[in-house]
Amino acid sequence: MGRTDALSRLRSSGQYALELEAVSRHFGALIALAGIDLAVEAGERRAILGSNGAGKTTLFNAVTGDFPVTAGRIRFFGEDITALPPHERIRRGLRRTYQISLLFENLSVRDNLFVACRGVSPHRASLRRAGPSEPAAELAEMLAQAVHLDAVLDSRVGTLSYGQQRQLEIGMALAGAPRFILFDEPAAGLSPSERAQLIEILGALPAHIGYLIIEHDMDVALRVAATVSMLHNGRIFKEGTPAEIENDPEVQALYLGGGHD
Amino acid sequence: MTARIHPAWWLLAALLSIYPILANDFFTLQIGAYSLILGTIALSLTILAGYGGMVSLAQLTAAGLAAYVLPIFGTNSQGVLGIGWSHWLTIPMALLVGASFSALVGLIAVRTSGIYTIMITLAVAVSVFFFTRQNYELFNGFTGYAGIEAPKPFGYDLRAPLPFYYLCLIVAAGFGLATLYAARTPFGLSLQAVRDNPRRMAALGFSVAGIRVLAFFLAGFVAAAGGILLVFFNGRISPGTIGVDVAIDILVIAVVGGLRHPIGPFIGALAFVLLETFAIDLIARERFNSLIGTAFLLIVLFSPDGLLGLWNKIRPKIGPKISRPSLGLAGPQTGKTPQFDAAETQPISSREDTG
């Protein structure tokens with residue numbers, strides 16, 4: 001094990017934010033991911049396309065460690081994180097959002113963001129109350145502004161609209177000092193105006209923060225990503241610029257063809 | 001805490017302080033002190049179940065093991081062990097033993113959730129019970145230990161009715177207030193967030209297992225304090241003290257009282273002790289469990305939030321004078337809704353599935 005680790009560290013150049021090397025994930029006989037090779041540069045913004053069941057969310061779960069991979073290696077800014085538990089990966093600057101919002105519905109927007117900020121800071125288990133000068137409290141307000149939720153800062157999350165919850169979902173992922181974010185269908189179920197807000201929020205992210213974004217809506221995907229990876233049956237099927245992917249006959253046959261609106 | 005304290009709390013504090021002056025020794029000790037002790041042990045469960053969504057049946061066991069430390073390392077009249085160390089040493093030891101044992105149970109239990117946590121902690125409680133009953137070298141088996149005395153600092157007997165009541169009151173109120181305080185600290189918030197959504201917490205950089213084990217440790221500390229008071233109260237400890245039937249009594253106390261607020265277990269304990277003491281006047285002793293069971297069923301049926309929830313339900317109907325939505329029993333932040341604790345707003349039923 002030690003030698004393989006050393007070797008894989010040597011091979012990594014460190015310029016990539018995220019590197020996947022032959023990552024597989026099996027659920028019993030079902031092969032959800034079949035040897036994914038993927039390299040995303042720091043600051044790169046890439047869309048992940050693919051039909052239902054192509055393995056997009058499984059890929060995210062593998063990267064964040066929500067469940068372990070069956071085979072393969074995952075490196076984050078050059079460091080092998082394949083065996084790290086989820087919270088250790090998060091502390092290294094990886095973030096994610098969920099397809100179905102996972103929020104603390106009984107806490108306010110402020111408390112949700114506060115908990116998120118505390119999670120990646122030391123003293124996260126402090127038994128002393130936060131004073132008024134607590135930096136995490138200030139950060140929480142800043143984050144609320146960044147995701148256009150400053151008007152509902154003290155509302156209980158359960159009372160927010162669906163679109164606002166999706167925005168908070170993104171705000172939670174921006175807490176601390178994120179280096180790379182995985183967005184799992186952030187635009188799903190949003191109204192056209194909410195989509196425009198989402199594109200604005202993503203566009204306003206600092207340039208050094210790269211992300212992967214799963215998105216079914218091609219219009220959104222192509223506006224927020226510079227590169228596209230197309231997943232099919234647990235494999236990377238095509239990679240390229242949005243234009244290349246859109247005009248690729250094979251992709252069109254498989255994904256855009258038929259009933260795509 | 002800057003939130004204004006509701007006058008009802010001051011009233012309660014005043015009432016509890018002058019209670020032993022109004023009551024005779026029996027009411028001071030057998031009702032007052034005993035309720036406070038059982039309430040403290042049940043508070044340990046409230047912390048885990050109410051704030052953490054983890055129902056542990058091993059909290060009485062933590063209390064009991066802490067209690068055993070006193071006769072084993074201190075003094076007893078049994079002629080077994082009894083190293084004779086002073087209370088200054090044995091009491092901190094007992095607190096540490098209870099807390100560490102609870103943390104150990106936590107380490108085993110945190111990988112499970114819901115009904116499985118209950119099963120695992122029940123298994124631990126049962127095995128410790130049988131171990132203490134069969135082990136004579138350390139626990140003196142079935143007989144256990146007797147002749148355990150409370151400290152007498154400067155010749156002042158803490159076990160006398162009045163001082164002992166106040167000792168229990170200080171310990172109980174201290175831990176109750178500490179729980180309220182801790183609920184709004186980063187740790188308290190993250191414990192409630194873990195209860196609501198463990199997966200998201202991991203995705204925010206929290207160690208879910210770490211938070212849960214720390215909660216078990218702190219809850220064990222509270223239970224141990226209750227156990228120490230209990231052994232001073234009884235003067236003896238035997239396996240029967242930590243039997244499964246008693247562990248279930250503690251669960252009943254916590255649930256009947258209400259898991260939403262640290263006052264809940266004390267309300268539950270008072271109700272339990274009153275029933276236990278005076279039911280004999282009405283029904284035969286062997287029918288006591290039927291009575292407790294029926295009371296439990298009725299309360300859970302009509303108010304899933306226990307007596308606390310019942311009070312909050314009838315409060316608006318009987319007291320329109322106070323404009324605040326509740327008497328403040330629902331938490332110190334009731335006056336300003338945005339700062340709500342999850343523990344105080346969410347119905348128990350939905351909380352426990354997320355555990």
# chains A, B, ... in the order shown; residues from 1 in each chain; ligands from 1

call {"tool": "closest_atom_pairs", "arguments": {"of": "chain A", "to": "chain B", "cutoff": "10 Å", "atoms": "only C-alpha atoms", "output": "tab-separated table"}}
result
residue	atom	partner	partner_atom	distance
A:Thr64	CA	B:Ala203	CA	7.6
A:Gly65	CA	B:Ala203	CA	9.2
A:Asp66	CA	B:Arg199	CA	7.9
A:Pro85	CA	B:Ala202	CA	8.7
A:Pro86	CA	B:Ala202	CA	5.9
A:His87	CA	B:Gly205	CA	4.1
A:Glu88	CA	B:Gly205	CA	6.5
A:Arg89	CA	B:Gly205	CA	7.6
A:Ile90	CA	B:Gly205	CA	4.9
A:Arg91	CA	B:Gly205	CA	5.4
A:Arg92	CA	B:Gly205	CA	8.9
A:Gly93	CA	B:Gly205	CA	9.3
A:Leu94	CA	B:Ala203	CA	8.9
A:Arg95	CA	B:Ala203	CA	7.0
A:Arg96	CA	B:Ala203	CA	6.9
A:Thr97	CA	B:Ala203	CA	8.5
A:Tyr98	CA	B:Arg200	CA	8.7
A:Ser101	CA	B:Arg200	CA	9.3
A:Leu102	CA	B:Arg200	CA	6.0
A:Leu103	CA	B:Arg200	CA	7.2
A:Phe104	CA	B:Asp196	CA	6.2
A:Glu105	CA	B:Asp196	CA	8.1
A:Asn106	CA	B:Ala342	CA	5.0
A:Leu107	CA	B:Ala342	CA	6.0
A:Ser108	CA	B:Pro338	CA	6.0
A:Val109	CA	B:Pro338	CA	9.0
A:Arg110	CA	B:Gln339	CA	8.9
A:Asp111	CA	B:Gln339	CA	8.0
A:Asn112	CA	B:Ala193	CA	8.6
A:Phe114	CA	B:Pro186	CA	8.7
A:Val115	CA	B:Ser190	CA	6.6
A:Ala116	CA	B:Leu204	CA	5.6
A:Cys117	CA	B:Leu204	CA	8.1
A:Arg118	CA	B:Pro186	CA	7.3
A:Gly119	CA	B:Gly205	CA	4.8
A:Val120	CA	B:Gly205	CA	5.3
A:Ser121	CA	B:Gly205	CA	8.6
A:His123	CA	B:Pro186	CA	8.1
A:Arg124	CA	B:Pro186	CA	6.2
A:Ala125	CA	B:Phe187	CA	4.3
A:Ser126	CA	B:Phe187	CA	5.3
A:Leu127	CA	B:Thr185	CA	5.6
A:Arg128	CA	B:Thr185	CA	5.5
A:Arg129	CA	B:Thr185	CA	4.2
A:Ala130	CA	B:Thr185	CA	6.5
A:Gly131	CA	B:Met1	CA	9.9
A:Leu153	CA	B:Pro338	CA	8.9
A:Asp154	CA	B:Pro338	CA	5.1
A:Ser155	CA	B:Pro338	CA	5.9
A:Arg156	CA	B:Pro338	CA	6.4
A:Val157	CA	B:Pro338	CA	10.0
A:Met172	CA	B:Leu204	CA	7.7
A:Ala173	CA	B:Leu204	CA	7.5
A:Leu174	CA	B:Leu204	CA	9.9
A:Ala175	CA	B:Leu204	CA	8.3
A:Gly176	CA	B:Leu204	CA	9.2

call {"tool": "residues_around", "arguments": {"residues": "Ala54 in chain A", "least_positions_apart": "3", "cutoff": "8 Å", "atoms": "only C-alpha atoms", "output": "short mmCIF file (atom, residue, chain, number, x, y, z; two decimals) with N, CA and C atoms, in the first residue's frame"}}
result
data_model
loop_
_atom_site.label_atom_id
_atom_site.label_comp_id
_atom_site.auth_asym_id
_atom_site.auth_seq_id
_atom_site.Cartn_x
_atom_site.Cartn_y
_atom_site.Cartn_z
N ALA A 32 -22.38 0.90 -11.34
CA ALA A 32 -22.83 2.28 -11.49
C ALA A 32 -21.73 3.13 -12.12
N GLY A 50 -25.62 13.56 -18.91
CA GLY A 50 -25.87 12.13 -19.00
C GLY A 50 -27.32 11.86 -18.66
N SER A 51 -27.84 10.78 -19.22
CA SER A 51 -29.24 10.47 -18.97
C SER A 51 -29.40 9.94 -17.56
N LEU A 231 -21.52 11.49 -19.57
CA LEU A 231 -21.47 10.17 -18.93
C LEU A 231 -22.50 9.26 -19.57
N HIS A 232 -22.12 8.01 -19.78
CA HIS A 232 -23.10 7.06 -20.29
C HIS A 232 -22.78 5.67 -19.74
N ASN A 233 -23.75 5.07 -19.10
CA ASN A 233 -23.57 3.74 -18.53
C ASN A 233 -22.34 3.63 -17.64
N GLY A 234 -22.11 4.63 -16.83
CA GLY A 234 -21.01 4.55 -15.87
C GLY A 234 -19.64 4.81 -16.47
N ARG A 235 -19.60 5.28 -17.71
CA ARG A 235 -18.31 5.62 -18.32
C ARG A 235 -18.33 7.06 -18.84
#

call {"tool": "residues_around", "arguments": {"residues": "Glu137 in chain B", "least_positions_apart": "5", "cutoff": "10 Å", "atoms": "only C-alpha atoms", "output": "compact mmCIF listing (two decimals) with N, CA and C atoms, in the first residue's frame"}}
result
# COMPACT_ATOMS: atom_id res chain seq x y z
N VAL B 80 -16.13 -5.79 51.80
CA VAL B 80 -15.53 -6.16 50.51
C VAL B 80 -14.92 -4.89 49.92
N LEU B 81 -13.71 -5.01 49.42
CA LEU B 81 -13.00 -3.86 48.86
C LEU B 81 -13.12 -2.66 49.79
N THR B 132 -22.66 -7.34 36.97
CA THR B 132 -22.55 -6.89 38.37
C THR B 132 -23.17 -7.92 39.30

call {"tool": "closest_residue", "arguments": {"among": "A:Val69, A:Ala243, A:Ile213, A:Ile201", "to": "Leu143 in chain A", "atoms": "only C-alpha atoms"}}
result
A:Ile201

call {"tool": "closest_residue", "arguments": {"among": "A:Asp150, A:Thr57, A:Leu49, A:Pro206", "to": "Gln99 in chain A", "atoms": "only C-alpha atoms"}}
result
A:Thr57

call {"tool": "residues_around", "arguments": {"residues": "Ile100 in chain A", "least_positions_apart": "4", "cutoff": "12 Å", "atoms": "only C-alpha atoms", "output": "PyMOL selection string"}}
result
(chain A and resi 57+96+162-163+165-166+169-170+183-189) or (chain B and resi 200)

call {"tool": "select_by_dssp", "arguments": {"residues": "range 111-259 of chain A", "states": "alpha helix (DSSP H)", "output": "ChimeraX atom specification"}}
result
/A:111-119,135-146,162-173,192-203,218-224,242-247,249-251

call {"tool": "write_last_selection", "arguments": {"atoms": "C-alpha atoms", "output": "tab-separated table (two decimals), in the first residue's frame"}}
result
chain	number	residue	atom	x	y	z
A	111	ASP	CA	-28.15	29.20	11.81
A	112	ASN	CA	-27.87	26.91	8.79
A	113	LEU	CA	-25.09	29.04	7.37
A	114	PHE	CA	-23.50	29.47	10.80
A	115	VAL	CA	-23.32	25.70	11.28
A	116	ALA	CA	-21.89	25.39	7.78
A	117	CYS	CA	-19.17	27.96	8.56
A	118	ARG	CA	-18.37	26.29	11.86
A	119	GLY	CA	-18.03	22.88	10.23
A	135	PRO	CA	-16.38	35.62	12.64
A	136	ALA	CA	-18.61	32.72	11.59
A	137	ALA	CA	-21.68	34.86	12.34
A	138	GLU	CA	-20.39	37.59	10.05
A	139	LEU	CA	-19.49	35.06	7.38
A	140	ALA	CA	-22.99	33.61	7.56
A	141	GLU	CA	-24.44	37.02	6.72
A	142	MET	CA	-22.01	37.46	3.84
A	143	LEU	CA	-22.95	34.07	2.43
A	144	ALA	CA	-26.64	34.90	2.67
A	145	GLN	CA	-25.93	37.97	0.58
A	146	ALA	CA	-23.95	35.97	-1.97
A	162	TYR	CA	-38.33	25.85	-3.03
A	163	GLY	CA	-36.11	28.15	-5.07
A	164	GLN	CA	-34.79	29.86	-1.95
A	165	GLN	CA	-33.97	26.48	-0.42
A	166	ARG	CA	-31.99	25.61	-3.52
A	167	GLN	CA	-30.11	28.90	-3.15
A	168	LEU	CA	-29.38	28.12	0.50
A	169	GLU	CA	-28.17	24.69	-0.56
A	170	ILE	CA	-25.55	26.51	-2.64
A	171	GLY	CA	-24.79	28.96	0.16
A	172	MET	CA	-24.01	26.07	2.51
A	173	ALA	CA	-21.50	24.75	0.00
A	192	PRO	CA	-37.08	30.71	-15.31
A	193	SER	CA	-36.37	33.75	-13.13
A	194	GLU	CA	-34.84	31.58	-10.42
A	195	ARG	CA	-32.66	29.95	-13.05
A	196	ALA	CA	-31.41	33.36	-14.09
A	197	GLN	CA	-30.53	34.05	-10.44
A	198	LEU	CA	-28.71	30.74	-10.20
A	199	ILE	CA	-26.64	31.49	-13.30
A	200	GLU	CA	-25.81	34.87	-11.80
A	201	ILE	CA	-24.73	33.31	-8.48
A	202	LEU	CA	-22.52	30.74	-10.21
A	203	GLY	CA	-21.05	33.38	-12.49
A	218	MET	CA	-28.63	22.23	-21.61
A	219	ASP	CA	-29.20	25.99	-21.70
A	220	VAL	CA	-28.11	26.34	-18.08
A	221	ALA	CA	-25.30	23.82	-18.38
A	222	LEU	CA	-23.78	25.46	-21.41
A	223	ARG	CA	-23.89	28.91	-19.84
A	224	VAL	CA	-22.14	28.02	-16.59
A	242	PRO	CA	-20.05	22.74	-25.05
A	243	ALA	CA	-20.14	23.41	-28.80
A	244	GLU	CA	-18.28	20.21	-29.63
A	245	ILE	CA	-20.60	18.18	-27.43
A	246	GLU	CA	-23.71	19.81	-28.76
A	247	ASN	CA	-22.73	19.14	-32.35
A	249	PRO	CA	-23.65	13.26	-33.78
A	250	GLU	CA	-23.22	10.42	-31.30
A	251	VAL	CA	-24.21	12.65	-28.38

call {"tool": "residues_around", "arguments": {"residues": "range 297-308 of chain B", "least_positions_apart": "2", "cutoff": "10 Å", "atoms": "only C-alpha atoms", "output": "MDAnalysis selection string"}}
result
chainID B and resid 252:261 263:265 267:268 271 291:295 310:313 329:330 346:349

call {"tool": "atom_distance", "arguments": {"atom1": "CA of Leu57 in chain B", "atom2": "CA of Gly39 in chain B"}}
result
14.9 Å

call {"tool": "select_by_dssp", "arguments": {"residues": "range 97-197 of chain A", "states": "strand (DSSP E)", "output": "ChimeraX atom specification"}}
result
/A:180-184

call {"tool": "write_last_selection", "arguments": {"atoms": "N, CA, C and O atoms", "output": "mmCIF file, in the first residue's frame"}}
result
data_model
loop_
_atom_site.group_PDB
_atom_site.id
_atom_site.type_symbol
_atom_site.label_atom_id
_atom_site.label_comp_id
_atom_site.auth_asym_id
_atom_site.auth_seq_id
_atom_site.Cartn_x
_atom_site.Cartn_y
_atom_site.Cartn_z
ATOM 1 N N PHE A 180 -13.153 23.576 -4.441
ATOM 2 C CA PHE A 180 -13.783 22.898 -5.564
ATOM 3 C C PHE A 180 -15.158 22.420 -5.104
ATOM 4 O O PHE A 180 -15.309 21.889 -4.023
ATOM 5 N N ILE A 181 -16.175 22.646 -5.947
ATOM 6 C CA ILE A 181 -17.554 22.359 -5.538
ATOM 7 C C ILE A 181 -18.221 21.413 -6.530
ATOM 8 O O ILE A 181 -17.985 21.506 -7.736
ATOM 9 N N LEU A 182 -19.012 20.509 -5.996
ATOM 10 C CA LEU A 182 -19.822 19.635 -6.838
ATOM 11 C C LEU A 182 -21.279 20.067 -6.715
ATOM 12 O O LEU A 182 -21.856 19.987 -5.641
ATOM 13 N N PHE A 183 -21.863 20.554 -7.805
ATOM 14 C CA PHE A 183 -23.266 20.967 -7.791
ATOM 15 C C PHE A 183 -24.120 19.874 -8.416
ATOM 16 O O PHE A 183 -23.964 19.562 -9.593
ATOM 17 N N ASP A 184 -25.025 19.323 -7.623
ATOM 18 C CA ASP A 184 -25.871 18.246 -8.145
ATOM 19 C C ASP A 184 -27.229 18.824 -8.542
ATOM 20 O O ASP A 184 -28.081 19.051 -7.698
#

call {"tool": "atom_distance", "arguments": {"atom1": "CA of Leu65 in chain B", "atom2": "CA of Phe139 in chain B"}}
result
9.6 Å

call {"tool": "residues_around", "arguments": {"residues": "Phe73 in chain B", "least_positions_apart": "6", "cutoff": "6 Å", "atoms": "only C-alpha atoms", "output": "compact mmCIF listing (two decimals) with all heavy atoms, in the first residue's frame"}}
result
# COMPACT_ATOMS: atom_id res chain seq x y z
N GLY B 82 -13.51 -1.50 49.25
CA GLY B 82 -13.59 -0.32 50.11
C GLY B 82 -12.20 0.15 50.47
O GLY B 82 -11.70 -0.01 51.58
N ILE B 83 -11.55 0.73 49.48
CA ILE B 83 -10.15 1.13 49.65
C ILE B 83 -10.04 2.29 50.64
O ILE B 83 -9.00 2.50 51.26
CB ILE B 83 -9.55 1.50 48.28
CG1 ILE B 83 -9.56 0.24 47.40
CG2 ILE B 83 -8.13 2.04 48.40
CD1 ILE B 83 -9.10 0.46 45.99
N GLY B 84 -11.11 3.03 50.78
CA GLY B 84 -11.12 4.07 51.79
C GLY B 84 -10.63 5.43 51.33
O GLY B 84 -10.30 6.28 52.15
N TRP B 85 -10.61 5.64 50.03
CA TRP B 85 -10.21 6.96 49.55
C TRP B 85 -11.25 8.00 49.91
O TRP B 85 -12.43 7.68 50.09
CB TRP B 85 -10.00 6.94 48.03
CG TRP B 85 -8.77 6.16 47.62
CD1 TRP B 85 -7.80 5.71 48.45
CD2 TRP B 85 -8.43 5.74 46.31
NE1 TRP B 85 -6.85 5.02 47.74
CE2 TRP B 85 -7.21 5.03 46.42
CE3 TRP B 85 -9.00 5.89 45.05
CZ2 TRP B 85 -6.57 4.48 45.31
CZ3 TRP B 85 -8.37 5.34 43.94
CH2 TRP B 85 -7.16 4.65 44.09

call {"tool": "atom_distance", "arguments": {"atom1": "CA of Ile228 in chain B", "atom2": "CA of Ala66 in chain B"}}
result
6.5 Å
